[in-house]
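Quick notes on the structure that follows.
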Amino acid sequence: MPRNAPPLSFLALIALSVAACRTSAPVAQSPTTPNVQAQLAQQNVDAVIYQHFSAEVHRLYQQGYELARLRLDAALAKPWPKPPAVVVDIDETVLDNSPYQVTNATLGRTYTPATWKEWTAKGTAKALPGAVEFLNYAKQRGCAVYYISNRETDELGPTLRNLAETGFPMADTAHVLLMAGTSDKTLRRDRVNQTHHIILQVGDQLTDFDQGLKNRGEGQGKPLTDALRDTLEGHFILLPNPMYGAWLDAITGRDLQEIPARKAAILKQDSY
Ligand SMILES: [Mg+2]
């Protein structure tokens, strides 16, 4: 700025900032960003180690399913107008995909639909601690079990095989409802509610309970979660997943090129 130039007005500054924003169009997510992929894979390593190796996570799953059994017993003590059902998510809820994340970390790559489907096609994911026992208990108590997952419909065959071979009940096309079009699970829950009463849900994302909990606009979604606390306490079991999820997308977005800077910015914002 020349020494004698008049000061820019506040509005002019805003106009300049808007213009600057317009010129920095987002860079499309692309497999041609190996450096960023390697950086993000590295940033995820501790989360993957925690999920895949730690006795803490092993115990958290057991604990979650122990609580699920208590909640189920309490719900079944009441009469229900329709047959009771339990709804569970699949990934990081009943099946452990941390080997896929371990492989990504090792190869310095991030999630892509293609590599993900290579993994699910194997059908070799192990059951998470407590899951098989809980769902067979629910079946024994007269509950239907539904699996509502955002795996895509072309993953159905190996998913059914994987669930059945690991000992999960009702692993068939009537009870495994995969994603066809939308990741919002509301319509699939509604389908279950037409014939059953969902008494308990289990998942690793808050949206496995209700799509409204995807809203992280205020306080990262914590006030909304607090508002639903009584309902969540009785009807939803949340399991750990530090590797990925709506909680992370809300902060970083999904454009790989932008994610490192966004992570750095939010950490700086809350550092002291
Ligand atoms: Mg999941």
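Naming scheme: A, B, ... for chains in displayed order of the structure tokens; residues 1 onward per chain; ligands 1 onward as shown.
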
Surroundings of ligand 1 up to 12 Å, based on only C-alpha atoms and all ligand atoms, as a PyMOL selection string: chain A and resi 88-98+128+147-151+178+183+185+202-209+238-246

Polymer residues at most 7 Å from Gln62 of chain A, only C-alpha atoms, same-chain spacing of 3 or more positions, as a VMD selection string: chain A and resid 58 to 59 65 to 66 129 to 130

Restrict the selected residues to N, CA and C atoms and save them as a PDB file, in the first residue's frame.
ATOM      1  N   HIS A  58     -10.568 -52.947  23.082  1.00  0.00           N
ATOM      2  CA  HIS A  58     -11.113 -54.301  23.282  1.00  0.00           C
ATOM      3  C   HIS A  58     -12.127 -54.288  24.424  1.00  0.00           C
ATOM      4  N   ARG A  59     -11.739 -53.649  25.510  1.00  0.00           N
ATOM      5  CA  ARG A  59     -12.608 -53.583  26.680  1.00  0.00           C
ATOM      6  C   ARG A  59     -13.819 -52.663  26.442  1.00  0.00           C
ATOM      7  N   TYR A  65     -21.291 -53.678  24.888  1.00  0.00           N
ATOM      8  CA  TYR A  65     -22.262 -54.759  24.707  1.00  0.00           C
ATOM      9  C   TYR A  65     -22.806 -55.290  26.041  1.00  0.00           C
ATOM     10  N   GLU A  66     -22.047 -55.154  27.101  1.00  0.00           N
ATOM     11  CA  GLU A  66     -22.600 -55.476  28.429  1.00  0.00           C
ATOM     12  C   GLU A  66     -23.742 -54.514  28.764  1.00  0.00           C
ATOM     13  N   PRO A 129     -15.444 -57.412  19.927  1.00  0.00           N
ATOM     14  CA  PRO A 129     -15.683 -58.093  21.212  1.00  0.00           C
ATOM     15  C   PRO A 129     -17.094 -57.844  21.756  1.00  0.00           C
ATOM     16  N   GLY A 130     -17.774 -58.923  22.072  1.00  0.00           N
ATOM     17  CA  GLY A 130     -19.096 -58.833  22.691  1.00  0.00           C
ATOM     18  C   GLY A 130     -20.258 -58.824  21.710  1.00  0.00           C
TER      19      GLY A 130
END

d(atom CA of Thr195 of chain A, atom CA of Asp172 of chain A) in Å: 16.9 Å

Test item: residues at most 9 Å from Val102 of chain A, only C-alpha atoms, excluding those fewer than 3 positions along its chain, as a PyMOL selection string: chain A and resi 45+48-49+52+97-99+105-107

Atoms kept (N, CA and C atoms) for selection, written as a short mmCIF file (atom, residue, chain, number, x, y, z; two decimals), in the first residue's frame:
data_model
loop_
_atom_site.label_atom_id
_atom_site.label_comp_id
_atom_site.auth_asym_id
_atom_site.auth_seq_id
_atom_site.Cartn_x
_atom_site.Cartn_y
_atom_site.Cartn_z
N VAL A 45 -2.34 -42.43 12.34
CA VAL A 45 -1.68 -43.64 12.84
C VAL A 45 -2.04 -43.94 14.30
N VAL A 48 -5.45 -45.42 14.58
CA VAL A 48 -5.50 -46.80 14.07
C VAL A 48 -4.84 -47.76 15.06
N ILE A 49 -3.74 -47.37 15.63
CA ILE A 49 -3.07 -48.22 16.62
C ILE A 49 -3.99 -48.44 17.82
N HIS A 52 -6.89 -50.79 16.70
CA HIS A 52 -6.53 -52.15 16.28
C HIS A 52 -5.82 -52.96 17.37
N ASN A 97 -12.98 -53.41 10.99
CA ASN A 97 -12.25 -53.12 9.74
C ASN A 97 -10.92 -52.44 10.00
N SER A 98 -10.45 -52.50 11.23
CA SER A 98 -9.16 -51.84 11.49
C SER A 98 -8.02 -52.43 10.67
N PRO A 99 -8.05 -53.71 10.23
CA PRO A 99 -6.97 -54.18 9.35
C PRO A 99 -6.89 -53.39 8.04
N ALA A 105 -2.49 -47.17 6.54
CA ALA A 105 -1.40 -46.46 7.23
C ALA A 105 -0.05 -46.96 6.74
N THR A 106 0.05 -48.26 6.55
CA THR A 106 1.31 -48.86 6.12
C THR A 106 1.70 -48.39 4.71
N LEU A 107 0.69 -48.30 3.84
CA LEU A 107 0.96 -47.93 2.45
C LEU A 107 0.92 -46.42 2.22
#

Option closest in space to Leu72 of chain A, from A:Gly253, A:Gly142, A:Pro113, A:Gly157 [counting only C-alpha atoms]: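 The closest residue to Leu72 of chain A is A:Gly142.
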
Those in segment 38-221 of chain A with alpha helix (DSSP H) from DSSP, as a PyMOL selection string: chain A and resi 38-43+45-53+55-76+98-107+113-122+131-140+156-165+186-195

Option closest in space to Trp80 of chain A, from A:Ala41, A:Ile199, A:Leu256, A:Met179 [counting only C-alpha atoms]: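 Of the candidates, the smallest distance to Trp80 of chain A is held by A:Ile199.
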
Those of segment 26-264 of chain A in DSSP strand (DSSP E or B), formatted as a PyMOL selection string: chain A and resi 84-88+91+95-96+126-127+144-152+176-179+197-203+236-238

Could you dump the residues just selected with C-alpha atoms as a PDB file, in the first residue's frame?
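Once written, again_29.pdb looks like this:
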ATOM      1  CA  PRO A  84     -39.177 -56.101  19.363  1.00  0.00           C
ATOM      2  CA  ALA A  85     -36.102 -55.524  17.214  1.00  0.00           C
ATOM      3  CA  VAL A  86     -32.510 -54.524  17.775  1.00  0.00           C
ATOM      4  CA  VAL A  87     -30.809 -52.493  15.046  1.00  0.00           C
ATOM      5  CA  VAL A  88     -27.050 -52.455  14.698  1.00  0.00           C
ATOM      6  CA  ASP A  91     -18.625 -51.351  10.382  1.00  0.00           C
ATOM      7  CA  LEU A  95     -17.269 -56.075  12.279  1.00  0.00           C
ATOM      8  CA  ASP A  96     -13.717 -54.831  12.800  1.00  0.00           C
ATOM      9  CA  LYS A 126     -13.458 -60.334  12.586  1.00  0.00           C
ATOM     10  CA  ALA A 127     -16.316 -59.779  15.005  1.00  0.00           C
ATOM     11  CA  ALA A 144     -35.329 -59.625  15.573  1.00  0.00           C
ATOM     12  CA  VAL A 145     -31.879 -58.357  14.616  1.00  0.00           C
ATOM     13  CA  TYR A 146     -31.451 -55.874  11.752  1.00  0.00           C
ATOM     14  CA  TYR A 147     -28.141 -54.689  10.344  1.00  0.00           C
ATOM     15  CA  ILE A 148     -28.440 -51.191   8.821  1.00  0.00           C
ATOM     16  CA  SER A 149     -25.156 -50.296   7.178  1.00  0.00           C
ATOM     17  CA  ASN A 150     -23.791 -47.828   4.654  1.00  0.00           C
ATOM     18  CA  ARG A 151     -21.903 -50.524   2.853  1.00  0.00           C
ATOM     19  CA  GLU A 152     -23.208 -50.421  -0.707  1.00  0.00           C
ATOM     20  CA  VAL A 176     -29.125 -56.788   6.295  1.00  0.00           C
ATOM     21  CA  LEU A 177     -30.138 -53.416   4.843  1.00  0.00           C
ATOM     22  CA  LEU A 178     -27.317 -51.783   2.911  1.00  0.00           C
ATOM     23  CA  MET A 179     -27.082 -48.337   1.336  1.00  0.00           C
ATOM     24  CA  HIS A 197     -40.632 -51.897  17.392  1.00  0.00           C
ATOM     25  CA  ILE A 198     -36.962 -50.913  17.544  1.00  0.00           C
ATOM     26  CA  ILE A 199     -36.114 -51.078  21.222  1.00  0.00           C
ATOM     27  CA  LEU A 200     -32.346 -50.587  20.998  1.00  0.00           C
ATOM     28  CA  GLN A 201     -29.739 -49.438  18.479  1.00  0.00           C
ATOM     29  CA  VAL A 202     -25.977 -49.865  18.513  1.00  0.00           C
ATOM     30  CA  GLY A 203     -23.442 -47.971  16.410  1.00  0.00           C
ATOM     31  CA  PHE A 236     -28.602 -46.270  22.016  1.00  0.00           C
ATOM     32  CA  ILE A 237     -25.187 -47.761  22.684  1.00  0.00           C
ATOM     33  CA  LEU A 238     -22.287 -45.797  21.150  1.00  0.00           C
TER      34      LEU A 238
END

Residue among A:Leu70, A:Ala138, A:Ala38, A:Ala261 lying closest to Pro169 of chain A, counting only C-alpha atoms: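 The closest residue to Pro169 of chain A is A:Ala138.
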
Atom-to-atom span, atom CA of Pro83 of chain A and atom CA of Asp184 of chain A, Å: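 Separation of atom CA of Pro83 of chain A and atom CA of Asp184 of chain A: 24.2 Å.
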
Among listed residues A:Glu218, A:Asp249, A:Asp210, A:Glu165, nearest Thr231 of chain A (using only C-alpha atoms):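 Checking each of A:Glu218, A:Asp249, A:Asp210, A:Glu165 against Thr231 of chain A, counting only C-alpha atoms, the winner is A:Asp210.
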
Computed interatomic separation between atom CA of Gly123 of chain A and atom CA of Pro158 of chain A (Å):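 Distance between the two atoms: 5.1 Å.
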